[in-house]
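Engineer: Got a structure here, written out as structure tokens. Questions coming.
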Amino acid sequence: RFDPLNGKPIRIMWSQRDPATPRSGSGNIFIKNLDKVIDNKSIYDTFSLFGTILSCKVAIDEEGNSKGYGFVHFETEDAAQQAIEKVNGMLLAGKKVFVGKFQPRNARMREMGESAKRFTNVFIKNLEEDVDKEKLEKMFSEFGKVTSCAIMNDSDGKAKGFGFVAFEEPEQAEKAVNEMHEKQLDGSEKKLFVCRAQTKSERQAELKRKYEAQKAERMQRYQGLNLYVKNLDDNVEEPKLREVFEKYGTITSCEVMCDENGRSKGFGFVSFEKPEEATKAVTEMNGNMSFSKPLYVALAQRKEDRRAQLASLYMSRLVNMPLNNTIPATMYTPGTGGYFVNSAMASNRGGFMPAGVPNRMGGGNKQWATGGGFGNMGPRTWEDKEWPAVDADPLELATADSVDTPLLEPESLAVEWCSR
């Protein structure tokens, strides 16, 4: 436990059969403001005093460095409450840590939405280089009492063009945002951008929501109008692609996709003004030989929709695929020392002989003596055998139809050769 594997410490915990247990958040606490030297084992040793720990970890980045926060999951809620009461505000490795009850992301997002209505810290950007801390504070002091003010500078001490102002009351901060946002100062060509100060996670979440909304709106706007065209030659550029498709209607946008070196990727997009024009272009241009290869033209789809459609098509083909239950004609079974032959082959077991060679097996219609088998053959002794003459011609012996193969023992074989 806690031994490194591929640069990350191993975490072992008992399997939870009930999926609602880890999701409920019961007994789970959150620790932040941790020093970089605090690792999983240090967290475990510190919090194991309060009860049985199911799991604990310190969040790390791609390089294995601590992000300064972690999680501890206790077996009981009482142990988690004791840990919060005893450790919250204490010093760990010289830093004062915060310990509180873990909250799921959805709950945190709801709290962020509510806190957005009540704020005191304001973010200002698009400031001129000559605006310093005193000028910024004087500019916003007319809206209320300013508790703190800062202008952000780079390593050389040059202003970055943005800063922060904190008010005493949320109403004062809200009034400053409403009146100063997009206001153009005297002697400045830029308009101020003033809003509530956000953490990095809040900004990322807001930008993601805006991006998804814009993406959905754009797809809705161009639904049935945007065409995907592939199998383009390397020398096909935007003017040539537009020239091929402009006979079907008004083109609002046309683009050939290229890599970082400016070379064509072999596909592009053409957007029409009306859905009827796009439908006509798909009908007539799909498979068209306008260039050296037949074009593939279809309505453009989002990557997620296209993947889902291909997965559905694959599964439908897999379900409808007929199962081949035919038993093979000959099957070798390892370990049995032989082959399995099905009934169709067993009924046709005539021997194979090359043309021109007499069949010594008696053909496929050989009838065996009834009641015989190996039990009625009787003992084969040396005296009972009928041997060919010693001076017989070997060629005649080889071509005779009724020569019985002698069964010679090693001693008799030696006497026979000596007598010759």
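By order of appearance in the structure tokens: chains A, B, ..., then residues from 1 within every chain, and ligands from 1 in the order shown.
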Got a sec to tell me which of range 261-296 of chain A DSSP assigns to strand (DSSP E or B), as a PyMOL selection string?

Structural biologist: chain A and resi 264-272+296

Engineer: Would you save the residues of that selection, restricted to C-alpha atoms, as a PDB file, in the first residue's frame?

Structural biologist:
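again_15.pdb, written as the output of this step:
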```pdb
ATOM      1  CA  SER A 264      -5.127  19.641 -47.862  1.00  0.00           C
ATOM      2  CA  LYS A 265      -6.550  16.870 -45.673  1.00  0.00           C
ATOM      3  CA  GLY A 266      -8.775  15.696 -48.529  1.00  0.00           C
ATOM      4  CA  PHE A 267     -12.089  16.936 -47.162  1.00  0.00           C
ATOM      5  CA  GLY A 268     -14.013  20.148 -46.679  1.00  0.00           C
ATOM      6  CA  PHE A 269     -17.382  21.765 -45.979  1.00  0.00           C
ATOM      7  CA  VAL A 270     -19.860  23.655 -48.144  1.00  0.00           C
ATOM      8  CA  SER A 271     -22.789  25.516 -46.587  1.00  0.00           C
ATOM      9  CA  PHE A 272     -25.837  26.627 -48.591  1.00  0.00           C
ATOM     10  CA  TYR A 296     -18.449  11.560 -51.068  1.00  0.00           C
TER      11      TYR A 296
END
```

Engineer: What are the DSSP alpha helix (DSSP H) residues of range 125-263 of chain A, as JSON, numbers by chain?

Structural biologist: {"A": [133, 134, 135, 136, 137, 138, 139, 140, 170, 171, 172, 173, 174, 175, 176, 177, 178, 179, 180, 200, 201, 202, 203, 204, 205, 206, 207, 208, 209, 210, 211, 212, 213, 214, 215, 216, 217, 218, 219, 220, 221, 238, 239, 240, 241, 242, 243, 244, 245]}

Engineer: Can I get the selection written as a short mmCIF file (atom, residue, chain, number, x, y, z; two decimals), in the first residue's frame, with N, CA and C atoms?

Structural biologist:
```
data_model
loop_
_atom_site.label_atom_id
_atom_site.label_comp_id
_atom_site.auth_asym_id
_atom_site.auth_seq_id
_atom_site.Cartn_x
_atom_site.Cartn_y
_atom_site.Cartn_z
N LYS A 133 -2.46 51.92 -8.73
CA LYS A 133 -3.36 51.52 -7.65
C LYS A 133 -4.16 52.70 -7.12
N GLU A 134 -3.52 53.86 -6.95
CA GLU A 134 -4.21 55.05 -6.42
C GLU A 134 -5.31 55.52 -7.38
N LYS A 135 -5.02 55.56 -8.68
CA LYS A 135 -6.01 56.00 -9.65
C LYS A 135 -7.19 55.03 -9.71
N LEU A 136 -6.91 53.73 -9.64
CA LEU A 136 -7.98 52.75 -9.70
C LEU A 136 -8.88 52.84 -8.47
N GLU A 137 -8.27 53.01 -7.30
CA GLU A 137 -9.06 53.13 -6.07
C GLU A 137 -9.91 54.38 -6.09
N LYS A 138 -9.36 55.48 -6.55
CA LYS A 138 -10.12 56.73 -6.63
C LYS A 138 -11.27 56.60 -7.63
N MET A 139 -11.05 55.88 -8.71
CA MET A 139 -12.06 55.71 -9.75
C MET A 139 -13.29 54.97 -9.22
N PHE A 140 -13.09 53.95 -8.33
CA PHE A 140 -14.20 53.12 -7.87
C PHE A 140 -14.67 53.47 -6.45
N PRO A 170 -21.91 43.97 -0.75
CA PRO A 170 -22.21 43.43 -2.08
C PRO A 170 -22.97 44.40 -2.96
N GLU A 171 -23.82 45.23 -2.38
CA GLU A 171 -24.58 46.20 -3.18
C GLU A 171 -23.66 47.21 -3.85
N GLN A 172 -22.61 47.60 -3.16
CA GLN A 172 -21.64 48.55 -3.73
C GLN A 172 -20.90 47.93 -4.92
N ALA A 173 -20.51 46.65 -4.79
CA ALA A 173 -19.82 45.97 -5.88
C ALA A 173 -20.74 45.81 -7.09
N GLU A 174 -22.00 45.48 -6.84
CA GLU A 174 -22.95 45.32 -7.94
C GLU A 174 -23.18 46.63 -8.67
N LYS A 175 -23.27 47.73 -7.92
CA LYS A 175 -23.46 49.05 -8.53
C LYS A 175 -22.26 49.44 -9.38
N ALA A 176 -21.04 49.13 -8.90
CA ALA A 176 -19.83 49.45 -9.66
C ALA A 176 -19.79 48.68 -10.98
N VAL A 177 -20.20 47.41 -10.96
CA VAL A 177 -20.22 46.61 -12.18
C VAL A 177 -21.23 47.17 -13.18
N ASN A 178 -22.41 47.52 -12.70
CA ASN A 178 -23.46 48.01 -13.60
C ASN A 178 -23.09 49.34 -14.26
N GLU A 179 -22.39 50.22 -13.54
CA GLU A 179 -22.12 51.55 -14.08
C GLU A 179 -20.78 51.64 -14.81
N MET A 180 -19.80 50.82 -14.44
CA MET A 180 -18.46 50.95 -15.03
C MET A 180 -18.20 49.98 -16.18
N LYS A 200 -10.44 30.44 -11.01
CA LYS A 200 -10.10 29.82 -12.28
C LYS A 200 -11.11 28.75 -12.67
N SER A 201 -11.56 27.95 -11.70
CA SER A 201 -12.54 26.90 -12.00
C SER A 201 -13.87 27.49 -12.43
N GLU A 202 -14.26 28.60 -11.82
CA GLU A 202 -15.51 29.26 -12.20
C GLU A 202 -15.44 29.81 -13.62
N ARG A 203 -14.31 30.43 -13.94
CA ARG A 203 -14.15 30.97 -15.30
C ARG A 203 -14.18 29.86 -16.34
N GLN A 204 -13.49 28.75 -16.05
CA GLN A 204 -13.47 27.63 -16.99
C GLN A 204 -14.87 27.04 -17.17
N ALA A 205 -15.62 26.91 -16.07
CA ALA A 205 -16.97 26.36 -16.18
C ALA A 205 -17.88 27.29 -16.98
N GLU A 206 -17.75 28.60 -16.75
CA GLU A 206 -18.58 29.56 -17.49
C GLU A 206 -18.23 29.58 -18.97
N LEU A 207 -16.93 29.56 -19.28
CA LEU A 207 -16.51 29.55 -20.68
C LEU A 207 -16.97 28.27 -21.38
N LYS A 208 -16.94 27.16 -20.66
CA LYS A 208 -17.40 25.90 -21.24
C LYS A 208 -18.88 25.95 -21.55
N ARG A 209 -19.66 26.51 -20.63
CA ARG A 209 -21.10 26.62 -20.88
C ARG A 209 -21.38 27.52 -22.09
N LYS A 210 -20.66 28.63 -22.18
CA LYS A 210 -20.86 29.53 -23.32
C LYS A 210 -20.47 28.85 -24.63
N TYR A 211 -19.37 28.10 -24.60
CA TYR A 211 -18.92 27.43 -25.82
C TYR A 211 -19.93 26.39 -26.28
N GLU A 212 -20.44 25.58 -25.32
CA GLU A 212 -21.42 24.56 -25.68
C GLU A 212 -22.71 25.19 -26.20
N ALA A 213 -23.11 26.31 -25.60
CA ALA A 213 -24.32 26.99 -26.07
C ALA A 213 -24.13 27.53 -27.49
N GLN A 214 -22.98 28.14 -27.75
CA GLN A 214 -22.71 28.64 -29.09
C GLN A 214 -22.61 27.51 -30.11
N LYS A 215 -22.02 26.41 -29.70
CA LYS A 215 -21.89 25.27 -30.61
C LYS A 215 -23.25 24.69 -30.96
N ALA A 216 -24.13 24.56 -29.95
CA ALA A 216 -25.47 24.04 -30.21
C ALA A 216 -26.27 24.99 -31.09
N GLU A 217 -26.12 26.30 -30.84
CA GLU A 217 -26.83 27.28 -31.66
C GLU A 217 -26.34 27.25 -33.11
N ARG A 218 -25.03 27.11 -33.29
CA ARG A 218 -24.48 27.06 -34.64
C ARG A 218 -24.94 25.82 -35.39
N MET A 219 -24.97 24.68 -34.70
CA MET A 219 -25.43 23.46 -35.34
C MET A 219 -26.92 23.54 -35.68
N GLN A 220 -27.69 24.17 -34.80
CA GLN A 220 -29.11 24.33 -35.08
C GLN A 220 -29.34 25.25 -36.26
N ARG A 221 -28.50 26.28 -36.35
CA ARG A 221 -28.66 27.25 -37.44
C ARG A 221 -28.33 26.63 -38.79
N GLU A 238 -10.19 26.11 -52.02
CA GLU A 238 -11.53 26.66 -51.79
C GLU A 238 -12.19 27.21 -53.05
N PRO A 239 -11.52 28.01 -53.90
CA PRO A 239 -12.20 28.52 -55.10
C PRO A 239 -12.70 27.41 -56.03
N LYS A 240 -11.87 26.36 -56.20
CA LYS A 240 -12.28 25.28 -57.09
C LYS A 240 -13.46 24.50 -56.51
N LEU A 241 -13.46 24.29 -55.19
CA LEU A 241 -14.57 23.59 -54.55
C LEU A 241 -15.86 24.42 -54.64
N ARG A 242 -15.74 25.70 -54.44
CA ARG A 242 -16.91 26.58 -54.54
C ARG A 242 -17.46 26.58 -55.96
N GLU A 243 -16.56 26.56 -56.94
CA GLU A 243 -16.99 26.58 -58.34
C GLU A 243 -17.79 25.35 -58.69
N VAL A 244 -17.44 24.20 -58.12
CA VAL A 244 -18.14 22.95 -58.43
C VAL A 244 -19.55 22.95 -57.84
N PHE A 245 -19.74 23.56 -56.66
CA PHE A 245 -21.02 23.48 -55.95
C PHE A 245 -21.91 24.70 -56.13
#
```

Engineer: Just want the 8 Å neighbourhood of Glu128 in chain A, counted on only C-alpha atoms, with same-chain residues fewer than 3 positions away dropped. Output as a list of chain:residue names.

Structural biologist: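 Near Glu128 in chain A, the qualifying residues are A:Val131, A:Gly161, A:Ser188.
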
Engineer: List the spatial neighbours of Ser42 in chain A as an MDAnalysis selection string - criterion: any atom at most 12 Å away, only C-alpha atoms, same-chain residues fewer than 3 positions off excluded.

Structural biologist: chainID A and resid 2 34:39 45:48 56:58 70 72 92:93

Engineer: I'd like to know which of A:Cys254, A:Leu185, A:Ile10, A:Leu5 is closest to Glu273 in chain A, using only C-alpha atoms.

Structural biologist: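 Going through A:Cys254, A:Leu185, A:Ile10, A:Leu5 one by one, the smallest distance to Glu273 in chain A is for A:Cys254.
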